[in-house]
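> Below is input29.txt; it holds compact mmCIF, C-alpha atoms.
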```txt
# COMPACT_ATOMS: atom_id res chain seq x y z
CA MET K 277 -5.90 51.16 -38.54
CA LYS K 278 -8.73 49.41 -36.67
CA THR K 279 -8.39 46.36 -38.92
CA SER K 280 -4.64 46.14 -38.28
CA PHE K 281 -5.14 46.48 -34.51
CA LEU K 282 -7.83 43.78 -34.45
CA LEU K 283 -5.59 41.42 -36.46
CA MET K 284 -2.74 42.01 -34.00
CA VAL K 285 -4.99 41.19 -31.01
CA LEU K 286 -6.21 37.99 -32.67
CA LEU K 287 -2.64 36.91 -33.39
CA LEU K 288 -1.61 37.56 -29.79
CA VAL K 289 -4.57 35.57 -28.42
CA ALA K 290 -3.88 32.69 -30.80
CA GLY K 291 -0.22 32.70 -29.81
CA ALA K 292 -1.05 32.65 -26.11
CA ALA K 293 -3.46 29.78 -26.65
CA SER K 294 -0.87 27.79 -28.54
CA VAL K 295 1.69 28.31 -25.78
CA ALA K 296 -0.80 27.16 -23.13
CA VAL K 297 -1.58 23.99 -25.07
CA ALA K 298 2.11 23.25 -25.61
CA GLN K 299 2.79 23.50 -21.86
CA THR K 300 0.20 20.84 -20.96
CA PRO K 301 2.00 17.46 -20.73
CA ALA K 302 0.24 14.37 -22.02
CA VAL K 303 -0.44 11.61 -19.50
CA ALA K 304 0.85 8.21 -20.59
CA HIS K 305 -1.84 5.88 -19.26
CA ASN K 306 -1.28 2.24 -18.25
CA THR K 307 2.48 2.71 -18.03
CA TRP K 308 5.29 2.11 -15.55
CA THR K 309 8.14 4.45 -14.65
CA SER K 310 10.78 4.36 -11.92
CA GLY K 311 11.92 6.51 -9.01
CA ALA K 312 15.23 6.91 -7.23
CA PRO K 313 16.20 3.61 -5.54
CA MET K 314 15.84 3.23 -1.78
CA PRO K 315 18.99 3.87 0.29
CA THR K 316 18.33 0.63 2.21
CA THR K 317 17.23 -2.53 0.39
CA VAL K 318 14.02 -3.94 1.93
CA SER K 319 10.94 -6.08 1.41
CA SER K 320 7.65 -6.38 3.34
CA THR K 321 7.71 -2.75 4.47
CA ALA K 322 4.95 -0.67 6.08
CA LEU K 323 4.04 2.54 4.25
CA GLY K 324 2.01 5.71 4.56
CA VAL K 325 1.72 9.16 2.95
CA ILE K 326 1.67 12.34 5.03
CA LYS K 327 1.80 15.83 3.50
CA GLY K 328 3.36 14.70 0.24
CA GLN K 329 6.03 12.51 1.86
CA ILE K 330 6.02 8.71 1.59
CA TYR K 331 7.22 6.94 4.74
CA VAL K 332 8.76 3.48 4.18
CA VAL K 333 9.11 1.80 7.57
CA GLY K 334 10.95 -1.34 8.58
CA GLY K 335 10.98 -4.45 6.44
CA GLY K 336 13.19 -7.43 5.75
CA GLY K 337 16.73 -6.78 4.58
CA LEU K 338 19.62 -8.74 3.15
CA PRO K 339 20.23 -11.60 2.91
CA GLY K 340 17.01 -12.88 1.41
CA GLY K 341 14.72 -10.57 3.34
CA SER K 342 15.27 -12.63 6.50
CA THR K 343 16.84 -9.91 8.63
CA CYS K 344 15.00 -7.05 10.34
CA VAL K 345 15.36 -3.45 9.21
CA ALA K 346 14.21 -0.71 11.60
CA ASN K 347 14.87 2.22 9.24
CA THR K 348 12.32 4.91 8.45
CA GLN K 349 13.08 5.94 4.88
CA ILE K 350 11.28 9.04 3.59
CA TYR K 351 10.68 9.51 -0.14
CA ASP K 352 9.72 12.87 -1.65
CA PRO K 353 7.95 12.22 -5.00
CA ALA K 354 8.21 15.89 -5.98
CA THR K 355 12.01 15.90 -5.87
CA ASN K 356 12.62 12.16 -6.30
CA THR K 357 14.90 12.19 -3.27
CA TRP K 358 15.29 10.26 0.00
CA SER K 359 15.85 11.29 3.61
CA ALA K 360 15.78 9.49 6.96
CA GLY K 361 13.42 9.61 9.93
CA ALA K 362 13.62 8.19 13.43
CA PRO K 363 14.01 4.38 13.26
CA LEU K 364 11.18 2.06 14.26
CA PRO K 365 11.66 0.89 17.88
CA ILE K 366 13.04 -2.62 18.33
CA GLY K 367 10.36 -5.26 18.58
CA THR K 368 8.73 -5.01 15.17
CA CYS K 369 10.34 -5.43 11.77
CA ASN K 370 9.15 -6.96 8.50
CA GLY K 371 5.61 -7.91 7.55
CA ALA K 372 3.84 -5.13 9.46
CA SER K 373 0.79 -3.32 8.08
CA ALA K 374 0.24 0.42 8.31
CA ALA K 375 -2.34 3.19 7.98
CA VAL K 376 -2.48 6.98 8.31
CA VAL K 377 -5.14 8.74 10.40
CA ASN K 378 -5.10 12.51 11.02
CA GLY K 379 -1.47 12.91 10.02
CA ILE K 380 -0.12 10.07 12.19
CA LEU K 381 1.34 6.85 10.76
CA TYR K 382 0.30 3.70 12.63
CA VAL K 383 2.25 0.44 12.24
CA PHE K 384 0.63 -2.85 13.27
CA GLY K 385 2.31 -6.11 14.23
CA GLY K 386 4.86 -7.83 12.02
CA SER K 387 7.61 -10.31 12.74
CA THR K 388 10.22 -9.85 15.45
CA LEU K 389 13.96 -10.33 15.78
CA SER K 390 13.30 -13.71 17.40
CA GLY K 391 11.27 -14.88 14.40
CA GLY K 392 7.80 -14.82 15.97
CA VAL K 393 5.03 -12.26 15.40
CA THR K 394 4.04 -9.36 17.61
CA ASN K 395 0.89 -7.46 18.56
CA ALA K 396 2.82 -4.20 19.00
CA VAL K 397 1.34 -0.96 17.64
CA TRP K 398 3.51 2.08 17.01
CA ALA K 399 2.49 5.63 16.09
CA TYR K 400 4.85 7.97 14.22
CA SER K 401 4.55 11.75 14.32
CA PRO K 402 6.36 13.38 11.38
CA LYS K 403 6.17 16.75 13.13
CA LYS K 404 8.06 15.43 16.17
CA ASN K 405 9.95 12.67 14.31
CA THR K 406 9.17 10.32 17.19
CA TRP K 407 7.51 6.93 17.74
CA SER K 408 5.01 6.19 20.52
CA SER K 409 3.80 2.81 21.78
CA MET K 410 0.01 2.37 21.51
CA SER K 411 -2.50 -0.18 22.80
CA PRO K 412 -1.46 -3.59 21.37
CA MET K 413 -3.61 -5.61 18.99
CA PRO K 414 -5.70 -8.33 20.62
CA THR K 415 -4.18 -10.75 18.10
CA ALA K 416 -0.45 -10.93 17.44
CA ARG K 417 0.20 -11.27 13.71
CA GLY K 418 2.28 -10.37 10.72
CA CYS K 419 1.55 -10.08 6.99
CA SER K 420 -1.88 -8.53 7.55
CA GLY K 421 -3.64 -5.87 5.49
CA ALA K 422 -4.98 -2.54 6.75
CA ALA K 423 -7.55 -0.02 5.54
CA VAL K 424 -9.13 3.12 6.96
CA GLU K 425 -12.85 3.93 7.01
CA ASN K 426 -14.37 6.76 9.04
CA ASN K 427 -11.07 7.26 10.92
CA LEU K 428 -11.03 3.65 12.10
CA VAL K 429 -8.26 1.28 11.00
CA TYR K 430 -9.29 -2.26 10.05
CA VAL K 431 -6.46 -4.80 10.36
CA ILE K 432 -7.30 -7.84 8.25
CA GLY K 433 -6.01 -11.42 8.13
CA GLY K 434 -2.33 -12.26 8.46
CA CYS K 435 -0.28 -15.10 9.90
CA GLY K 436 -0.15 -16.07 13.60
CA GLN K 437 2.55 -17.43 15.87
CA ASP K 438 2.34 -20.75 14.04
CA PRO K 439 3.82 -20.07 10.57
CA ASP K 440 1.13 -22.30 9.04
CA ASP K 441 -1.72 -20.43 10.75
CA ARG K 442 -3.49 -18.17 8.23
CA LEU K 443 -5.85 -15.86 10.07
CA ALA K 444 -9.40 -14.79 9.25
CA THR K 445 -9.27 -12.36 12.18
CA VAL K 446 -10.40 -8.75 11.63
CA GLU K 447 -9.96 -6.12 14.33
CA SER K 448 -10.63 -2.38 14.19
CA TYR K 449 -8.54 0.26 15.93
CA ASN K 450 -9.79 3.66 17.04
CA PRO K 451 -6.83 6.05 17.28
CA ALA K 452 -8.95 8.66 19.08
CA THR K 453 -9.53 6.33 22.04
CA ASP K 454 -6.58 3.95 21.52
CA THR K 455 -8.96 0.98 21.72
CA TRP K 456 -9.63 -2.22 19.75
CA THR K 457 -12.84 -3.98 18.65
CA GLU K 458 -13.21 -7.46 17.20
CA GLU K 459 -15.09 -7.47 13.87
CA ALA K 460 -16.60 -10.15 11.61
CA PRO K 461 -13.86 -12.47 10.30
CA LEU K 462 -12.86 -13.02 6.68
CA LEU K 463 -14.67 -15.81 4.85
CA VAL K 464 -11.24 -17.31 4.05
CA GLY K 465 -8.28 -17.07 6.40
CA LYS K 466 -5.23 -15.70 4.57
CA SER K 467 -2.04 -13.72 4.94
CA GLN K 468 -0.60 -11.06 2.62
CA PRO K 469 -4.03 -9.97 1.28
CA SER K 470 -4.38 -7.14 -1.25
CA VAL K 471 -6.45 -4.71 0.82
CA GLY K 472 -7.98 -1.36 -0.11
CA ARG K 473 -11.07 0.76 0.53
CA VAL K 474 -13.26 1.25 -2.55
CA GLY K 475 -15.94 3.76 -1.65
CA THR K 476 -17.25 2.51 1.69
CA THR K 477 -16.36 -1.12 0.97
CA ILE K 478 -13.08 -2.65 2.10
CA VAL K 479 -11.87 -5.17 -0.48
CA ALA K 480 -9.51 -7.99 0.54
CA ALA K 481 -8.31 -9.91 -2.52
CA ASP K 482 -5.60 -12.51 -3.08
CA GLY K 483 -3.33 -13.78 -0.30
CA PHE K 484 -1.79 -16.99 0.96
CA THR K 485 -3.89 -19.73 2.54
CA ALA K 486 -3.14 -23.14 4.02
CA SER K 487 -3.48 -24.44 0.44
CA GLY K 488 -1.17 -21.87 -1.15
CA ASP K 489 -1.74 -18.75 -3.27
CA THR K 490 -5.37 -17.70 -3.64
CA GLY K 491 -7.43 -15.37 -5.80
CA ASP K 492 -10.11 -15.24 -3.10
CA ASN K 493 -11.80 -11.85 -3.17
CA GLU K 494 -14.07 -10.46 -0.46
CA GLY K 495 -15.84 -7.19 0.28
CA TYR K 496 -16.47 -5.86 3.79
CA ASP K 497 -19.49 -3.69 4.60
CA VAL K 498 -18.36 -1.65 7.59
CA THR K 499 -21.88 -0.61 8.61
CA ALA K 500 -23.32 -4.13 8.46
CA ASN K 501 -20.08 -5.74 9.69
CA THR K 502 -20.37 -8.47 7.04
CA TRP K 503 -18.15 -9.98 4.36
CA THR K 504 -19.40 -10.95 0.87
CA SER K 505 -17.69 -13.08 -1.77
CA LEU K 506 -16.64 -11.21 -4.92
CA THR K 507 -15.26 -12.38 -8.26
CA PRO K 508 -11.88 -14.02 -7.57
CA ASP K 509 -8.67 -12.62 -9.00
CA PRO K 510 -7.97 -14.71 -12.12
CA THR K 511 -4.30 -14.63 -11.12
CA PRO K 512 -3.89 -16.17 -7.64
CA ARG K 513 -1.08 -14.38 -5.82
CA ASN K 514 0.15 -13.06 -2.48
CA GLY K 515 2.36 -10.23 -1.35
CA THR K 516 1.34 -7.72 -4.03
CA CYS K 517 1.80 -4.01 -4.61
CA THR K 518 -1.71 -2.73 -3.93
CA GLY K 519 -3.69 0.51 -3.95
CA VAL K 520 -7.02 2.10 -4.81
CA ILE K 521 -7.16 4.70 -7.58
CA GLY K 522 -10.32 6.11 -9.13
CA GLY K 523 -12.60 3.61 -7.45
CA LYS K 524 -10.63 0.56 -8.56
CA LEU K 525 -8.32 -1.77 -6.66
CA TYR K 526 -4.97 -2.25 -8.41
CA VAL K 527 -2.75 -5.25 -7.70
CA ALA K 528 0.69 -5.79 -9.20
CA GLY K 529 3.38 -8.42 -8.75
CA GLY K 530 3.13 -11.00 -6.02
CA ASN K 531 3.75 -13.75 -8.54
CA GLY K 532 5.96 -11.96 -11.03
CA THR K 533 5.01 -8.95 -13.12
CA SER K 534 1.27 -9.27 -13.77
CA THR K 535 -0.89 -6.21 -13.06
CA GLU K 536 -4.67 -6.13 -12.78
CA SER K 537 -7.45 -3.85 -11.60
CA PHE K 538 -10.69 -4.79 -9.88
CA ASN K 539 -13.85 -2.79 -10.60
CA LEU K 540 -16.16 -3.25 -7.61
CA LEU K 541 -19.22 -1.83 -9.38
CA LYS K 542 -18.84 -4.36 -12.21
CA ASP K 543 -17.36 -7.06 -9.95
CA ALA K 544 -14.81 -7.68 -12.69
CA TRP K 545 -11.05 -7.82 -13.23
CA LYS K 546 -8.98 -6.29 -16.04
CA THR K 547 -5.43 -7.16 -17.17
CA LEU K 548 -3.04 -4.21 -17.43
CA ALA K 549 0.58 -3.47 -18.40
CA PRO K 550 3.00 -5.74 -16.50
CA MET K 551 5.59 -4.44 -14.04
CA PRO K 552 9.09 -3.94 -15.48
CA GLN K 553 10.67 -5.82 -12.55
CA PRO K 554 8.96 -8.91 -11.08
CA THR K 555 8.52 -8.68 -7.32
CA GLN K 556 6.85 -10.20 -4.29
CA PHE K 557 6.29 -8.51 -0.91
CA PRO K 558 6.97 -4.94 -2.05
CA GLY K 559 5.76 -1.99 -0.02
CA SER K 560 2.97 -0.04 -1.69
CA VAL K 561 1.10 3.23 -1.45
CA VAL K 562 -0.98 5.54 -3.66
CA TYR K 563 -0.02 9.18 -4.13
CA LYS K 564 -1.60 11.67 -6.55
CA GLY K 565 -3.32 8.96 -8.58
CA GLN K 566 -0.23 6.78 -9.02
CA LEU K 567 0.67 3.43 -7.45
CA TYR K 568 4.15 3.32 -5.89
CA CYS K 569 5.85 -0.06 -5.36
CA PHE K 570 8.96 -0.15 -3.16
CA GLY K 571 11.48 -2.99 -3.20
CA GLY K 572 10.36 -6.53 -2.50
CA LEU K 573 11.85 -9.94 -3.20
CA TRP K 574 12.86 -11.50 -6.52
CA GLY K 575 16.10 -13.46 -6.65
CA GLY K 576 17.17 -11.36 -3.66
CA VAL K 577 15.95 -8.20 -1.94
CA LEU K 578 15.22 -5.22 -4.19
CA ASN K 579 15.70 -1.49 -3.63
CA ASN K 580 13.93 -0.22 -6.74
CA VAL K 581 10.87 2.04 -6.94
CA GLN K 582 8.29 1.20 -9.60
CA ILE K 583 5.49 3.69 -10.31
CA TYR K 584 2.27 2.84 -12.17
CA GLN K 585 0.12 5.42 -13.95
CA PRO K 586 -3.42 4.07 -14.62
```
As C-alpha cells, how would this structure be written, given the file I've shared?

Amino acid sequence: MKTSFLLMVLLLVAGAASVAVAQTPAVAHNTWTSGAPMPTTVSSTALGVIKGQIYVVGGGGLPGGSTCVANTQIYDPATNTWSAGAPLPIGTCNGASAAVVNGILYVFGGSTLSGGVTNAVWAYSPKKNTWSSMSPMPTARGCSGAAVENNLVYVIGGCGQDPDDRLATVESYNPATDTWTEEAPLLVGKSQPSVGRVGTTIVAADGFTASGDTGDNEGYDVTANTWTSLTPDPTPRNGTCTGVIGGKLYVAGGNGTSTESFNLLKDAWKTLAPMPQPTQFPGSVVYKGQLYCFGGLWGGVLNNVQIYQP
C-alpha cells in the first residue's frame, strides 16, 4: 500500500512539473513582430511610456510627412489596442523630442505650422488628460534627442531656425523647478541623433550633419559635463528607431532596415536582424525589454508598429 501511494505521489509531482514547463513560452531572440497599426499615420513623433501605456504624440502626417498632426495616440501593449488622449496644443508638431519624469510626459520643441522650429515645452498628465505649458527651451529646435538622468532631461542636438543649421547645443531641464541649464555641447553638431542612457552615460550616436548622414558616436558624462568620442556606427544614418535594453543602445532603420546594437562597455557595434519594413523618422520607445517602432517615412508616411525582441 505504501509503495502504491508513493508511486502515485511521484506521478502527480512529475505531471505538475511537466505542465509548468509546458506553460512557459520560449522567447524568440533577435526577432521582429508587429502590433496593431496606428489610427493616424505619422512620422517624427514624440513618445513616452507611463504605467504600461505608450503615448505617441504629434508628428508629421500625410502627404509625405509635411503636415502637422496634433493627435495623442495611446497604445496598450497588453491588449494591442489604441485609444485617444487630449491633442497636443497648437504650436508644436513633428520633430519634437520627449521624456517621462515622475509620471509626466514632457515634449520639447519641434517644427511648427509655419515651417519654423519652436522652443515650446509641453507637459502631459495622463491622470488629468491635460497639457500644460512649461518654461521654454533657451534654444528653439526640432529633431533633437532627449534622455533622462537623475530626474533631469537632457535635450541634445537638433536643427535650428535655419534648416541647414545642425546644432551641438545641449541643455538640461529640471521639471521640479521648471528651469533650464546650458551644458557642454556635442563634439559634432547634428540633428536626429540616436540618443539613450546606458548606465550613467548618455550616448548620442548617428544623426545628420552639414555633410550628410553620420555614424558619429559620443558619450556624455553627466557628472563631469564632458563628451567623449566612441566607436562610430559602421552604418551612418539619421532618424532611427532607438532605445536602450539590457545596457545596450539599439538603433534600427534610419537608412532602410538595418539594425545594430552598441555595447558601451566594449565600445563595439553588432549587426542584428533587419526590420521587416524599412523606415526613417519613426517614433520609438522601450517597454518591457522590447523596442517599439511607430510609423515613419518610406515611400510615404507609415502607420505600422514594428516590435524588436533582443
> Pick out the closest residue to Tyr430 of chain K from this set: K:Gln585, K:Asn370, K:Thr355, K:Thr445. Count all atoms listed in the file.
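Result for the nearest residue to Tyr430 of chain K: K:Thr445.
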> Between atom CA of Ile380 of chain K and atom CA of Val397 of chain K, what is the distance in Å, rounded to a tenth?
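Straight-line distance from atom CA of Ile380 of chain K to atom CA of Val397 of chain K works out to 12.4 Å.
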> Could you check how far atom CA of Gly418 of chain K sits from atom CA of Gly519 of chain K, in Å to one decimal?
19.2 Å
> In Å to one decimal, how far is atom CA of Val561 of chain K from atom CA of Asp441 of chain K?
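Pair atom CA of Asp441 of chain K / atom CA of Val561 of chain K returns 26.8 Å.
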> Pick from K:Ala452, K:Val479, K:Ala423, K:Leu578: nearest to Gly335 of chain K, with only C-alpha atoms counted?
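Using only C-alpha atoms, the shortest distance to Gly335 of chain K belongs to K:Leu578.
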> Fewer than 3 positions away in the same chain doesn't count, so skip those; otherwise give me all residues within 7 Å of segment 525-534 of chain K, counting all atoms listed in the file, as a PDB file with C-alpha atoms, in the coordinates of the input.

```
ATOM      1  CA  SER K 470      -4.380  -7.140  -1.250  1.00  0.00           C
ATOM      2  CA  GLY K 472      -7.980  -1.360  -0.110  1.00  0.00           C
ATOM      3  CA  ARG K 513      -1.080 -14.380  -5.820  1.00  0.00           C
ATOM      4  CA  ASN K 514       0.150 -13.060  -2.480  1.00  0.00           C
ATOM      5  CA  GLY K 515       2.360 -10.230  -1.350  1.00  0.00           C
ATOM      6  CA  THR K 516       1.340  -7.720  -4.030  1.00  0.00           C
ATOM      7  CA  CYS K 517       1.800  -4.010  -4.610  1.00  0.00           C
ATOM      8  CA  THR K 518      -1.710  -2.730  -3.930  1.00  0.00           C
ATOM      9  CA  GLY K 519      -3.690   0.510  -3.950  1.00  0.00           C
ATOM     10  CA  VAL K 520      -7.020   2.100  -4.810  1.00  0.00           C
ATOM     11  CA  ILE K 521      -7.160   4.700  -7.580  1.00  0.00           C
ATOM     12  CA  SER K 537      -7.450  -3.850 -11.600  1.00  0.00           C
ATOM     13  CA  PHE K 538     -10.690  -4.790  -9.880  1.00  0.00           C
ATOM     14  CA  ASN K 539     -13.850  -2.790 -10.600  1.00  0.00           C
ATOM     15  CA  PRO K 550       3.000  -5.740 -16.500  1.00  0.00           C
ATOM     16  CA  MET K 551       5.590  -4.440 -14.040  1.00  0.00           C
ATOM     17  CA  PRO K 552       9.090  -3.940 -15.480  1.00  0.00           C
ATOM     18  CA  GLN K 553      10.670  -5.820 -12.550  1.00  0.00           C
ATOM     19  CA  PRO K 554       8.960  -8.910 -11.080  1.00  0.00           C
ATOM     20  CA  THR K 555       8.520  -8.680  -7.320  1.00  0.00           C
ATOM     21  CA  GLN K 556       6.850 -10.200  -4.290  1.00  0.00           C
ATOM     22  CA  PHE K 557       6.290  -8.510  -0.910  1.00  0.00           C
TER      23      PHE K 557
END
```
